[in-house]
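target-v5.cif (mmCIF, C-alpha atoms) appears below.
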```cif
data_start
#
loop_
_atom_site.group_PDB
_atom_site.id
_atom_site.type_symbol
_atom_site.label_atom_id
_atom_site.label_comp_id
_atom_site.auth_asym_id
_atom_site.auth_seq_id
_atom_site.Cartn_x
_atom_site.Cartn_y
_atom_site.Cartn_z
ATOM 1 C CA MET E 823 -25.608 -15.768 -27.694
ATOM 2 C CA MET E 824 -27.044 -16.481 -31.146
ATOM 3 C CA LYS E 825 -24.738 -16.459 -34.137
ATOM 4 C CA LYS E 826 -25.802 -14.472 -37.188
ATOM 5 C CA ILE E 827 -25.938 -16.333 -40.502
ATOM 6 C CA PHE E 828 -23.792 -14.312 -42.870
ATOM 7 C CA PHE E 829 -22.923 -17.008 -45.384
ATOM 8 C CA VAL E 830 -24.835 -20.247 -45.804
ATOM 9 C CA LEU E 831 -24.922 -21.470 -49.376
ATOM 10 C CA ALA E 832 -21.206 -21.618 -50.047
ATOM 11 C CA PRO E 833 -20.275 -23.733 -47.011
ATOM 12 C CA LEU E 834 -23.047 -26.159 -47.902
ATOM 13 C CA ALA E 835 -21.822 -26.362 -51.471
ATOM 14 C CA LEU E 836 -18.332 -27.192 -50.254
ATOM 15 C CA ILE E 837 -19.557 -30.200 -48.312
ATOM 16 C CA GLY E 838 -19.798 -32.212 -51.505
ATOM 17 C CA SER E 839 -20.974 -35.809 -51.521
ATOM 18 C CA ILE E 840 -20.629 -37.590 -48.236
ATOM 19 C CA ALA E 841 -21.517 -40.964 -46.863
ATOM 20 C CA PHE E 842 -24.245 -41.258 -44.263
ATOM 21 C CA THR E 843 -25.742 -43.854 -42.006
ATOM 22 C CA THR E 844 -29.409 -43.767 -41.101
ATOM 23 C CA SER E 845 -29.913 -44.843 -37.517
ATOM 24 C CA GLU E 846 -32.977 -46.693 -36.355
ATOM 25 C CA THR E 847 -35.978 -44.486 -35.715
ATOM 26 C CA LEU E 848 -36.160 -43.141 -32.182
ATOM 27 C CA PRO E 849 -38.296 -45.335 -29.930
ATOM 28 C CA ILE E 850 -41.157 -43.816 -27.994
ATOM 29 C CA GLY E 851 -39.843 -42.598 -24.653
ATOM 30 C CA ALA E 852 -36.407 -41.717 -26.027
ATOM 31 C CA ARG E 853 -34.772 -38.460 -25.018
ATOM 32 C CA LEU E 854 -34.431 -35.686 -27.583
ATOM 33 C CA PRO E 855 -31.146 -36.318 -29.467
ATOM 34 C CA LEU E 856 -28.812 -33.516 -30.582
ATOM 35 C CA ALA E 857 -30.860 -31.161 -28.417
ATOM 36 C CA ASP E 858 -28.283 -28.359 -28.713
ATOM 37 C CA TYR E 859 -27.306 -28.947 -32.354
ATOM 38 C CA GLN E 860 -27.241 -25.552 -34.072
ATOM 39 C CA MET E 861 -29.022 -25.110 -37.402
ATOM 40 C CA ALA E 862 -29.441 -22.108 -39.695
ATOM 41 C CA ASN E 863 -32.906 -20.632 -39.176
ATOM 42 C CA VAL E 864 -34.548 -18.833 -42.109
ATOM 43 C CA LYS E 865 -37.029 -17.157 -39.755
ATOM 44 C CA THR E 866 -34.450 -15.120 -37.862
ATOM 45 C CA GLY E 867 -31.234 -15.278 -39.860
ATOM 46 C CA TYR E 868 -29.535 -16.781 -36.809
ATOM 47 C CA PHE E 869 -28.804 -20.309 -35.633
ATOM 48 C CA THR E 870 -31.082 -22.265 -33.319
ATOM 49 C CA SER E 871 -31.551 -25.747 -31.882
ATOM 50 C CA VAL E 872 -34.552 -27.923 -31.141
ATOM 51 C CA LYS E 873 -34.021 -27.349 -27.435
ATOM 52 C CA GLN E 874 -34.088 -23.579 -27.924
ATOM 53 C CA GLU E 875 -37.423 -23.868 -29.746
ATOM 54 C CA ALA E 876 -39.039 -25.991 -27.013
ATOM 55 C CA ARG E 877 -41.610 -24.374 -24.746
ATOM 56 C CA GLU E 878 -43.223 -25.176 -21.430
ATOM 57 C CA ASN E 879 -45.177 -28.224 -22.660
ATOM 58 C CA GLY E 880 -42.693 -29.613 -25.194
ATOM 59 C CA VAL E 881 -41.734 -29.281 -28.843
ATOM 60 C CA LEU E 882 -43.040 -30.507 -32.195
ATOM 61 C CA VAL E 883 -40.422 -31.356 -34.831
ATOM 62 C CA MET E 884 -41.538 -31.739 -38.440
ATOM 63 C CA PHE E 885 -39.212 -32.944 -41.180
ATOM 64 C CA SER E 886 -40.399 -30.953 -44.156
ATOM 65 C CA SER E 887 -39.606 -29.833 -47.692
ATOM 66 C CA ASN E 888 -40.254 -26.939 -50.044
ATOM 67 C CA ASN E 889 -41.465 -29.110 -52.903
ATOM 68 C CA CYS E 890 -42.760 -32.456 -51.652
ATOM 69 C CA LEU E 891 -46.318 -33.064 -52.885
ATOM 70 C CA SER E 892 -47.138 -34.989 -49.714
ATOM 71 C CA VAL E 893 -46.158 -31.963 -47.626
ATOM 72 C CA GLN E 894 -48.345 -29.745 -49.812
ATOM 73 C CA LYS E 895 -51.347 -32.035 -49.439
ATOM 74 C CA ILE E 896 -51.433 -31.534 -45.677
ATOM 75 C CA LEU E 897 -50.231 -27.923 -45.592
ATOM 76 C CA SER E 898 -53.465 -26.427 -44.257
ATOM 77 C CA ARG E 899 -53.673 -29.167 -41.617
ATOM 78 C CA THR E 900 -50.035 -28.603 -40.706
ATOM 79 C CA LEU E 901 -50.589 -24.879 -40.228
ATOM 80 C CA GLU E 902 -53.545 -25.608 -37.945
ATOM 81 C CA ALA E 903 -51.569 -28.146 -35.897
ATOM 82 C CA ALA E 904 -48.575 -25.835 -35.541
ATOM 83 C CA ASP E 905 -50.790 -22.932 -34.530
ATOM 84 C CA PHE E 906 -52.553 -25.118 -31.948
ATOM 85 C CA ALA E 907 -49.205 -26.266 -30.580
ATOM 86 C CA GLN E 908 -47.919 -22.740 -30.115
ATOM 87 C CA LYS E 909 -51.123 -21.564 -28.477
ATOM 88 C CA ASN E 910 -50.761 -24.448 -26.024
ATOM 89 C CA LYS E 911 -47.121 -23.788 -25.101
ATOM 90 C CA ILE E 912 -45.595 -26.425 -27.374
ATOM 91 C CA GLY E 913 -42.700 -25.169 -29.483
ATOM 92 C CA VAL E 914 -42.606 -25.823 -33.228
ATOM 93 C CA ILE E 915 -39.639 -26.309 -35.545
ATOM 94 C CA PHE E 916 -39.691 -27.423 -39.183
ATOM 95 C CA VAL E 917 -36.512 -29.144 -40.407
ATOM 96 C CA ASN E 918 -35.283 -29.365 -44.001
ATOM 97 C CA SER E 919 -32.836 -32.260 -44.394
ATOM 98 C CA ASN E 920 -32.767 -32.422 -48.200
ATOM 99 C CA GLU E 921 -29.014 -31.930 -48.484
ATOM 100 C CA ALA E 922 -28.747 -33.432 -51.970
ATOM 101 C CA GLN E 923 -30.898 -30.555 -53.297
ATOM 102 C CA ARG E 924 -29.340 -27.791 -51.223
ATOM 103 C CA ASN E 925 -27.990 -25.975 -54.269
ATOM 104 C CA GLY E 926 -31.400 -26.064 -55.964
ATOM 105 C CA SER E 927 -35.002 -26.365 -54.866
ATOM 106 C CA GLU E 928 -34.116 -26.912 -51.192
ATOM 107 C CA SER E 929 -31.570 -24.113 -50.881
ATOM 108 C CA TYR E 930 -31.500 -21.667 -48.005
ATOM 109 C CA GLU E 931 -32.946 -18.947 -50.245
ATOM 110 C CA ALA E 932 -35.677 -21.275 -51.531
ATOM 111 C CA MET E 933 -36.520 -22.131 -47.928
ATOM 112 C CA LYS E 934 -36.862 -18.428 -47.155
ATOM 113 C CA ASP E 935 -39.238 -17.986 -50.106
ATOM 114 C CA TYR E 936 -41.315 -20.981 -48.988
ATOM 115 C CA PHE E 937 -41.351 -19.752 -45.394
ATOM 116 C CA ASN E 938 -42.521 -16.282 -46.396
ATOM 117 C CA ALA E 939 -45.080 -17.509 -48.924
ATOM 118 C CA ASN E 940 -46.783 -19.616 -46.277
ATOM 119 C CA LYS E 941 -46.394 -17.035 -43.493
ATOM 120 C CA PHE E 942 -44.958 -19.490 -40.992
ATOM 121 C CA ASP E 943 -44.737 -18.219 -37.430
ATOM 122 C CA TRP E 944 -42.135 -20.746 -36.266
ATOM 123 C CA SER E 945 -38.587 -21.729 -37.102
ATOM 124 C CA TYR E 946 -37.629 -23.462 -40.374
ATOM 125 C CA VAL E 947 -34.059 -24.743 -40.279
ATOM 126 C CA VAL E 948 -31.326 -26.252 -42.448
ATOM 127 C CA ASP E 949 -30.229 -29.700 -41.270
ATOM 128 C CA ALA E 950 -26.640 -29.630 -42.567
ATOM 129 C CA LYS E 951 -25.224 -33.062 -43.429
ATOM 130 C CA ASN E 952 -28.560 -34.613 -42.380
ATOM 131 C CA ALA E 953 -27.320 -34.710 -38.795
ATOM 132 C CA LEU E 954 -30.730 -34.313 -37.166
ATOM 133 C CA ALA E 955 -32.507 -36.626 -39.615
ATOM 134 C CA ASN E 956 -29.905 -39.306 -38.969
ATOM 135 C CA ALA E 957 -30.166 -38.884 -35.199
ATOM 136 C CA PHE E 958 -33.957 -39.135 -35.320
ATOM 137 C CA GLY E 959 -33.988 -41.881 -37.954
ATOM 138 C CA ALA E 960 -36.276 -39.708 -40.082
ATOM 139 C CA ASN E 961 -36.692 -40.849 -43.676
ATOM 140 C CA VAL E 962 -39.558 -38.965 -45.319
ATOM 141 C CA THR E 963 -41.383 -35.663 -45.478
ATOM 142 C CA PRO E 964 -43.746 -34.995 -43.837
ATOM 143 C CA GLU E 965 -42.689 -36.832 -40.667
ATOM 144 C CA PHE E 966 -43.574 -35.666 -37.144
ATOM 145 C CA PHE E 967 -41.835 -36.155 -33.796
ATOM 146 C CA LEU E 968 -43.506 -34.767 -30.663
ATOM 147 C CA PHE E 969 -41.573 -34.406 -27.410
ATOM 148 C CA ASP E 970 -43.176 -33.659 -24.052
ATOM 149 C CA LYS E 971 -42.052 -31.158 -21.414
ATOM 150 C CA ASN E 972 -39.327 -33.562 -20.279
ATOM 151 C CA MET E 973 -37.995 -33.824 -23.843
ATOM 152 C CA ASN E 974 -39.092 -37.450 -24.171
ATOM 153 C CA LEU E 975 -40.583 -38.669 -27.451
ATOM 154 C CA VAL E 976 -44.316 -39.285 -27.052
ATOM 155 C CA TYR E 977 -45.523 -39.393 -30.680
ATOM 156 C CA HIS E 978 -43.910 -40.253 -34.000
ATOM 157 C CA GLY E 979 -45.757 -40.584 -37.257
ATOM 158 C CA ALA E 980 -48.124 -38.918 -39.683
ATOM 159 C CA MET E 981 -50.504 -36.013 -39.332
ATOM 160 C CA ASP E 982 -53.552 -38.270 -39.542
ATOM 161 C CA ASP E 983 -54.882 -41.350 -41.317
ATOM 162 C CA ASN E 984 -55.566 -39.828 -44.740
ATOM 163 C CA LEU E 985 -52.757 -38.025 -46.521
ATOM 164 C CA ASN E 986 -54.735 -37.282 -49.665
ATOM 165 C CA GLU E 987 -58.185 -36.215 -48.490
ATOM 166 C CA SER E 988 -58.651 -34.086 -45.400
ATOM 167 C CA GLU E 989 -62.417 -34.550 -45.524
ATOM 168 C CA SER E 990 -61.944 -38.325 -45.217
ATOM 169 C CA VAL E 991 -59.768 -38.223 -42.083
ATOM 170 C CA SER E 992 -61.131 -40.384 -39.265
ATOM 171 C CA HIS E 993 -58.200 -40.246 -36.815
ATOM 172 C CA LYS E 994 -56.289 -37.015 -36.200
ATOM 173 C CA HIS E 995 -53.249 -38.666 -34.629
ATOM 174 C CA LEU E 996 -51.024 -35.608 -34.268
ATOM 175 C CA GLN E 997 -53.796 -33.287 -33.126
ATOM 176 C CA GLU E 998 -54.858 -35.753 -30.451
ATOM 177 C CA ALA E 999 -51.261 -36.146 -29.266
ATOM 178 C CA LEU E 1000 -50.789 -32.377 -29.105
ATOM 179 C CA SER E 1001 -53.976 -32.004 -27.098
ATOM 180 C CA GLU E 1002 -52.941 -34.696 -24.629
ATOM 181 C CA VAL E 1003 -49.437 -33.291 -24.202
ATOM 182 C CA SER E 1004 -50.786 -29.790 -23.648
ATOM 183 C CA LEU E 1005 -52.931 -31.156 -20.817
ATOM 184 C CA GLY E 1006 -50.105 -33.187 -19.295
ATOM 185 C CA LYS E 1007 -51.828 -36.460 -20.158
ATOM 186 C CA PRO E 1008 -50.203 -39.647 -21.551
ATOM 187 C CA VAL E 1009 -50.447 -39.874 -25.333
ATOM 188 C CA SER E 1010 -52.949 -42.596 -26.219
ATOM 189 C CA VAL E 1011 -51.776 -43.214 -29.810
ATOM 190 C CA THR E 1012 -47.995 -42.897 -29.934
ATOM 191 C CA GLY E 1013 -47.334 -43.830 -33.554
ATOM 192 C CA SER E 1014 -48.832 -44.126 -37.024
ATOM 193 C CA THR E 1015 -47.910 -45.210 -40.540
ATOM 194 C CA ILE E 1016 -45.909 -42.618 -42.468
ATOM 195 C CA THR E 1017 -45.988 -42.014 -46.216
ATOM 196 C CA GLY E 1018 -44.298 -39.200 -48.099
ATOM 197 C CA CYS E 1019 -41.277 -38.090 -50.094
ATOM 198 C CA PRO E 1020 -37.884 -39.613 -49.271
ATOM 199 C CA ILE E 1021 -35.429 -37.256 -47.580
ATOM 200 C CA ASN E 1022 -32.751 -36.502 -50.168
ATOM 201 C CA ARG E 1023 -29.540 -37.224 -48.297
ATOM 202 C CA LEU E 1024 -26.062 -36.751 -49.676
ATOM 203 C CA VAL E 1025 -24.467 -40.060 -50.611
ATOM 204 C CA ALA E 1026 -20.928 -41.181 -51.324
ATOM 205 C CA ASN E 1027 -19.702 -41.035 -54.918
#
```
Would you mind writing the structure in this file as structure tokens?
Amino acid sequence: MMKKIFFVLAPLALIGSIAFTTSETLPIGARLPLADYQMANVKTGYFTSVKQEARENGVLVMFSSNNCLSVQKILSRTLEAADFAQKNKIGVIFVNSNEAQRNGSESYEAMKDYFNANKFDWSYVVDAKNALANAFGANVTPEFFLFDKNMNLVYHGAMDDNLNESESVSHKHLQEALSEVSLGKPVSVTGSTITGCPINRLVAN
């Protein structure tokens, strides 16, 4: 049974500054970590997990942000990729791990505004205490992790090979991986160089 989110901002504010340890990035072939970890979902007002968002052919996890310029630069491409994934039975979940800005531009309410403004048709969740980002070893936004139907990591990296200019893209890494996963094929390019905005984790005083 899903739990309704009645009160989100105050508990997050009470967390305060905490120490964190960033684990190494998940290796290709690794199982989905924290599969059942519950996160507040601005789409539904309930809690959800990555496992709950997975579909028949797998799940795409994107570490995202409301305000990162790098995320904005690929927004139209991201919407296309997410739409393709859903149409091909791959679940989609966007994750906001910017805990250090949770009382400002990355608040739950700001996430709702961003979600509605862009008319997302998938879950956008609060990664409290950076738990999911730490488990994945995610460090920037945008950063993509694609898991196949067995919940094994098959792609980690960027959207494509040109963050700044969509018309200059020569290799659509994520799109190719999504296509291969949807067809049950091995992913030919499993990783790519990532650039973007650092995830704003809470740190010790």
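Note that atom CA of Ala907 of chain E and atom CA of Leu1000 of chain E are 6.5 Å apart.
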At a cut-off of 8 Å, can you tabulate as CSV every residue of segment 923-954 of chain E near segment 855-872 of chain E together with its closest atom pair and the distance in Å to one decimal, using all atoms listed in the file and ordering rows by chain then number?
```
residue,atom,partner,partner_atom,distance
E:Tyr930,CA,E:Val864,CA,7.2
E:Met933,CA,E:Val864,CA,7.0
E:Lys934,CA,E:Val864,CA,5.6
E:Phe937,CA,E:Lys865,CA,7.6
E:Trp944,CA,E:Lys865,CA,7.2
E:Ser945,CA,E:Lys865,CA,5.5
E:Tyr946,CA,E:Asn863,CA,5.6
E:Val947,CA,E:Asn863,CA,4.4
E:Val948,CA,E:Ala862,CA,5.3
E:Asp949,CA,E:Met861,CA,6.1
E:Ala950,CA,E:Met861,CA,7.3
E:Leu954,CA,E:Leu856,CA,6.9
```
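Comparing E:Leu996, E:Val1009, E:Val962, E:Ala957 by their smallest distance to Asn920 of chain E, the closest is E:Val962 (using only C-alpha atoms).
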Worksheet item: If the PyMOL selection byres ((chain E and resi 919) around 12) is run on the structure shown, which residues does it catch, given as a VMD selection string?
Response: chain E and resid 861 to 862 884 to 888 916 to 918 920 to 924 928 to 930 933 946 to 965 1019 to 1024
Practice prompt. Can you give me, as a ChimeraX atom specification, the residues this file yields under the PyMOL selection byres ((chain E and resi 892) around 7)?
Written response: /E:890-891,893-896,964,1018-1019
Once you have the residues from the selection above, write them out as a short mmCIF file (atom, residue, chain, number, x, y, z; two decimals), in the coordinates of the input, restricted to C-alpha atoms.
```
data_model
loop_
_atom_site.label_atom_id
_atom_site.label_comp_id
_atom_site.auth_asym_id
_atom_site.auth_seq_id
_atom_site.Cartn_x
_atom_site.Cartn_y
_atom_site.Cartn_z
CA CYS E 890 -42.76 -32.46 -51.65
CA LEU E 891 -46.32 -33.06 -52.88
CA VAL E 893 -46.16 -31.96 -47.63
CA GLN E 894 -48.34 -29.74 -49.81
CA LYS E 895 -51.35 -32.03 -49.44
CA ILE E 896 -51.43 -31.53 -45.68
CA PRO E 964 -43.75 -34.99 -43.84
CA GLY E 1018 -44.30 -39.20 -48.10
CA CYS E 1019 -41.28 -38.09 -50.09
#
```
Taking all atoms of segment 883-890 of chain E that appear in the file, build a box with edges along x, y and z, extend it by 8 Å on every side, and state its centre and edge lengths in Å to one decimal, as AutoDock Vina command-line options.
```
--center_x -41.0 --center_y -29.9 --center_z -43.9 --size_x 19.5 --size_y 22.0 --size_z 34.1
```
Fill in: Chain and number of each residue from the PyMOL selection byres ((chain E and resi 879) around 9), as a PyMOL selection string
chain E and resi 876-878+880-881+910-913+969-972+1003-1006
So that I have them on file, write out the residues from the current selection with C-alpha atoms, as a CSV table (one decimal), in the frame of the given file.
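File produced: again-v4.csv:
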```csv
chain,number,residue,atom,x,y,z
E,876,ALA,CA,-39.0,-26.0,-27.0
E,877,ARG,CA,-41.6,-24.4,-24.7
E,878,GLU,CA,-43.2,-25.2,-21.4
E,880,GLY,CA,-42.7,-29.6,-25.2
E,881,VAL,CA,-41.7,-29.3,-28.8
E,910,ASN,CA,-50.8,-24.4,-26.0
E,911,LYS,CA,-47.1,-23.8,-25.1
E,912,ILE,CA,-45.6,-26.4,-27.4
E,913,GLY,CA,-42.7,-25.2,-29.5
E,969,PHE,CA,-41.6,-34.4,-27.4
E,970,ASP,CA,-43.2,-33.7,-24.1
E,971,LYS,CA,-42.1,-31.2,-21.4
E,972,ASN,CA,-39.3,-33.6,-20.3
E,1003,VAL,CA,-49.4,-33.3,-24.2
E,1004,SER,CA,-50.8,-29.8,-23.6
E,1005,LEU,CA,-52.9,-31.2,-20.8
E,1006,GLY,CA,-50.1,-33.2,-19.3
```
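Relative to atom CA of Leu985 of chain E, atom CA of Thr1015 of chain E is found at 10.5 Å.
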What's the 12 Å shell around Arg899 of chain E, counting all atoms listed in the file, without same-chain residues fewer than 6 positions away, as a PDB file with C-alpha atoms, in the frame of the given file?
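out_13.pdb, written as the output of this step:
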```pdb
ATOM      1  CA  SER E 892     -47.138 -34.989 -49.714  1.00  0.00           C
ATOM      2  CA  VAL E 893     -46.158 -31.963 -47.626  1.00  0.00           C
ATOM      3  CA  ASP E 905     -50.790 -22.932 -34.530  1.00  0.00           C
ATOM      4  CA  PHE E 906     -52.553 -25.118 -31.948  1.00  0.00           C
ATOM      5  CA  PRO E 964     -43.746 -34.995 -43.837  1.00  0.00           C
ATOM      6  CA  ALA E 980     -48.124 -38.918 -39.683  1.00  0.00           C
ATOM      7  CA  MET E 981     -50.504 -36.013 -39.332  1.00  0.00           C
ATOM      8  CA  ASP E 982     -53.552 -38.270 -39.542  1.00  0.00           C
ATOM      9  CA  ASN E 984     -55.566 -39.828 -44.740  1.00  0.00           C
ATOM     10  CA  LEU E 985     -52.757 -38.025 -46.521  1.00  0.00           C
ATOM     11  CA  ASN E 986     -54.735 -37.282 -49.665  1.00  0.00           C
ATOM     12  CA  GLU E 987     -58.185 -36.215 -48.490  1.00  0.00           C
ATOM     13  CA  SER E 988     -58.651 -34.086 -45.400  1.00  0.00           C
ATOM     14  CA  GLU E 989     -62.417 -34.550 -45.524  1.00  0.00           C
ATOM     15  CA  VAL E 991     -59.768 -38.223 -42.083  1.00  0.00           C
ATOM     16  CA  LYS E 994     -56.289 -37.015 -36.200  1.00  0.00           C
ATOM     17  CA  HIS E 995     -53.249 -38.666 -34.629  1.00  0.00           C
ATOM     18  CA  LEU E 996     -51.024 -35.608 -34.268  1.00  0.00           C
ATOM     19  CA  GLN E 997     -53.796 -33.287 -33.126  1.00  0.00           C
TER      20      GLN E 997
END
```
Discussion item. For a test of reading the model, state the distance in Å between atom CA of Ser1010 of chain E and atom CA of Ile850 of chain E, rounded to one decimal.
Written reply: 12.0 Å
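Take the candidates E:Val1011, E:Leu882, E:Leu975, E:Ile1016 and check each one against Ala904 of chain E using all atoms listed in the file; the shortest distance goes to E:Leu882.
Of the listed residues E:Ala852, E:Leu901, E:Met973, E:Ala939, the one whose atoms come nearest to Gln874 of chain E is E:Met973, with distances taken using all atoms listed in the file.
The smallest atom-to-atom distance between Phe966 of chain E and any of E:Asp983, E:Gln908, E:Val914, E:His978, using only C-alpha atoms, is found for E:His978.
Checking E:Ala932, E:Ile915, E:Ser990, E:Asp943 one by one against Glu875 of chain E, counting all atoms listed in the file, you find the shortest gap at E:Ile915.
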